[in-house]
Amino acid sequence: MDLEAIKDIERLKYRYTRALDTKEWGDLAETLMADVTAIYGEQLEFDSRDTFVSFLENTLGTHMITEHQCGQPEIDVDGDSATGVWLLADTVVVPEDGMLMRGSAFYHDRYTKCEDGQWRIAHTGYDRIWESVLSLSDVPSFRLASNRWAKLATVPAATVEVARPDGLIA
Amino acid sequence: MDLEAIKDIERLKYRYTRALDTKEWGDLAETLMADVTAIYGEQLEFDSRDTFVSFLENTLGTHMITEHQCGQPEIDVDGDSATGVWLLADTVVVPEDGMLMRGSAFYHDRYTKCEDGQWRIAHTGYDRIWESVLSLSDVPSFRLASNRWAKLATVPAATVEVARPDGLIA
Amino acid sequence: MDLEAIKDIERLKYRYTRALDTKEWGDLAETLMADVTAIYGEQLEFDSRDTFVSFLENTLGTHMITEHQCGQPEIDVDGDSATGVWLLADTVVVPEDGMLMRGSAFYHDRYTKCEDGQWRIAHTGYDRIWESVLSLSDVPSFRLASNRWAKLATVPAATVEVARPDGLIA
């Protein structure tokens, strides 16, 4: 068992999901092969890093809070190639639309060890288990006590009300 | 520290939880000793793989979406035996009943390395921290944009409405 | 790559978060350096184990259910020092206030290997991505089917109603 390669690949995935949720698109691009392929459901397919990262950057802008919890890695390494299965539990909030999404999926990835010694994502995509959407108008007391993107978003200020409760830390 | 055994056991648990959420009962059975014991709270106990898997298969049918997020492993290996503590954060949706469950628990497992070299679950069970139930009638805008089991479930079609939002991917 | 040190530090963090959610403050204290520093946002700072643990113990009492899901470790070890970045997804329920909190953050920690050979947390703190609060009065059907702290909490009994659904296990 190549424990170092497994750890490298786990960390690669965690860097990818962190870059996704912090909207650090340059950092995210570095986790991908130039000819990466990505498939989401039947409608969304990408066959290059440039088109994939552009799509993510344009879609997941500062108007949208995303949380990608990724874990439960099942990684098989074969020389300079590897495969990985992961559970994703994702949450998305779009304050300006009053929309909350929750769901889960299983990622099926392929990885390649590049000439510079770094593992990168060669293919990614997932099979959904479920995905729900909810209008926040059903829960009128819902407030964002914190939103990293609020100051950056081109959102009517009234839609990003802040009510900070005391003592919700650690 | 037997890092390979720890990784084998982590992967065993991830295969178990993936099989649970994808309802692959044969795959799930392979993660268990024939004489596995399982204890949930004060009322539910099992003392064989057959009765445990039958219960899961009958209870967690295609009428029910489950999400078992399992992480934070604390594993101790002692030869061919091991123990593991894990955080579980679980979500269950039963569309036909309009029911949403959320909660968390700590698993306390035992594992055995079998004669074929594979680790299997010898005992599982958890202590609940919390568990909440909610009627989806309180949130009438709630929609399943995706449900892997919708086509398989014997559910009145109207209860599994689909409203797919654009751009909620990655 | 020092895989044993990384595993030790992962386990240290999991013990910390487990102690947090099970309110085992003595166990939590053992994960911290005596001169640990902790910073949460702009207002909350601590510079010793005693003040930090006292704050947690006083704030996160049995009136409050907490769930700290911590994963996606990115750990760098340099001799007897290490750094770690982690995703936190947290949920808090305060039954007596009818309050539900959900959010995420990225922890940025430092660790020290002590003279007794144990790694401990030298610094912790996080940057919030988001944090939401909701009044449970918006979802009147919400019930706690399980609450480890219900019997211990000094809460009017009527606020901790129990409605146990059948078959929500595993």
# chains A, B, ... in the order shown; residues from 1 in each chain; ligands from 1
>>> select_by_dssp(residues="chain C", states="strand (DSSP E)", output="number ranges by chain")
C: 32-40, 44-46, 65-78, 81-94, 99-113, 119-135, 143-147
>>> residues_around(residues="region 10-16 of chain A", least_positions_apart="2", cutoff="7 Å", atoms="only C-alpha atoms", output="VMD selection string")
(chain A and resid 6 to 8 18 to 20 28 31) or (chain C and resid 72 74)
>>> interface_residues(of="chain B", to="chain C", cutoff="10 Å", atoms="only C-alpha atoms", output="JSON, numbers by chain")
{"B": [1, 2, 3, 6, 17, 20, 38, 39, 40, 41, 44, 52, 55, 56, 58, 59, 60, 64, 66, 68, 69, 70, 71, 72, 73, 74, 75, 85, 86, 87, 88, 89, 90, 91, 92, 99, 100, 101, 102, 103, 104, 105, 106, 107, 124, 125, 126, 127, 128, 129, 130, 131, 132, 133, 134, 135, 136, 137, 138, 139]}
>>> decode(residues="region 32-115 of chain C", atoms="C-alpha atoms", output="tab-separated table (two decimals), in the first residue's frame")
chain	number	residue	atom	x	y	z
C	32	LEU	CA	-4.12	21.80	24.53
C	33	MET	CA	-0.78	23.37	25.44
C	34	ALA	CA	-0.94	25.31	28.74
C	35	ASP	CA	-0.20	28.50	26.79
C	36	VAL	CA	-2.49	27.73	23.86
C	37	THR	CA	-3.82	30.71	21.94
C	38	ALA	CA	-7.22	30.73	20.27
C	39	ILE	CA	-8.75	33.39	18.05
C	40	TYR	CA	-12.33	33.41	16.72
C	41	GLY	CA	-13.24	36.37	14.56
C	42	GLU	CA	-12.37	39.84	15.80
C	43	GLN	CA	-13.83	39.65	19.27
C	44	LEU	CA	-12.87	36.38	20.92
C	45	GLU	CA	-9.26	35.72	21.88
C	46	PHE	CA	-7.69	33.46	24.50
C	47	ASP	CA	-4.07	33.04	25.58
C	48	SER	CA	-4.15	30.14	28.01
C	49	ARG	CA	-5.66	26.68	28.34
C	50	ASP	CA	-7.39	27.64	31.56
C	51	THR	CA	-9.23	30.67	30.20
C	52	PHE	CA	-10.06	28.90	26.93
C	53	VAL	CA	-11.44	25.74	28.52
C	54	SER	CA	-13.34	27.74	31.14
C	55	PHE	CA	-14.96	29.78	28.38
C	56	LEU	CA	-15.97	26.67	26.42
C	57	GLU	CA	-17.30	24.93	29.50
C	58	ASN	CA	-19.35	27.96	30.53
C	59	THR	CA	-20.62	28.72	27.05
C	60	LEU	CA	-21.31	25.26	25.63
C	61	GLY	CA	-23.30	23.88	28.57
C	62	THR	CA	-25.90	21.15	28.61
C	63	HIS	CA	-28.55	23.63	27.40
C	64	MET	CA	-26.84	23.44	24.00
C	65	ILE	CA	-26.36	20.58	21.50
C	66	THR	CA	-23.24	21.05	19.37
C	67	GLU	CA	-22.03	19.12	16.34
C	68	HIS	CA	-18.53	19.94	15.08
C	69	GLN	CA	-17.77	18.03	11.89
C	70	CYS	CA	-14.08	18.49	11.23
C	71	GLY	CA	-12.30	17.05	8.21
C	72	GLN	CA	-10.24	17.63	5.08
C	73	PRO	CA	-6.92	17.95	6.97
C	74	GLU	CA	-3.99	19.71	5.29
C	75	ILE	CA	-1.14	19.13	7.74
C	76	ASP	CA	2.51	20.17	7.39
C	77	VAL	CA	5.02	18.78	9.89
C	78	ASP	CA	8.38	20.46	10.55
C	79	GLY	CA	10.18	18.58	13.31
C	80	ASP	CA	8.33	19.17	16.58
C	81	SER	CA	6.03	21.80	15.07
C	82	ALA	CA	3.18	21.44	12.63
C	83	THR	CA	0.38	23.41	11.03
C	84	GLY	CA	-3.06	22.23	10.04
C	85	VAL	CA	-5.94	23.57	7.95
C	86	TRP	CA	-9.34	21.90	8.40
C	87	LEU	CA	-12.89	22.35	7.23
C	88	LEU	CA	-15.41	22.74	10.04
C	89	ALA	CA	-19.12	22.29	9.39
C	90	ASP	CA	-20.98	23.07	12.60
C	91	THR	CA	-24.53	22.76	13.81
C	92	VAL	CA	-25.82	24.07	17.13
C	93	VAL	CA	-29.29	23.58	18.64
C	94	VAL	CA	-30.42	25.47	21.74
C	95	PRO	CA	-33.77	23.88	22.62
C	96	GLU	CA	-34.71	26.38	25.32
C	97	ASP	CA	-34.20	29.28	22.91
C	98	GLY	CA	-35.67	27.48	19.90
C	99	MET	CA	-32.49	28.29	17.98
C	100	LEU	CA	-30.72	26.37	15.21
C	101	MET	CA	-27.32	27.43	13.85
C	102	ARG	CA	-25.53	26.05	10.76
C	103	GLY	CA	-22.32	27.18	9.13
C	104	SER	CA	-18.79	26.40	8.06
C	105	ALA	CA	-15.28	27.70	8.60
C	106	PHE	CA	-11.67	26.82	7.95
C	107	TYR	CA	-9.52	26.16	11.02
C	108	HIS	CA	-5.88	27.30	10.95
C	109	ASP	CA	-4.06	25.49	13.76
C	110	ARG	CA	-0.52	25.07	15.04
C	111	TYR	CA	0.66	22.00	16.94
C	112	THR	CA	3.66	21.24	19.16
C	113	LYS	CA	5.18	17.88	20.02
C	114	CYS	CA	5.70	18.03	23.78
C	115	GLU	CA	8.43	16.47	25.91
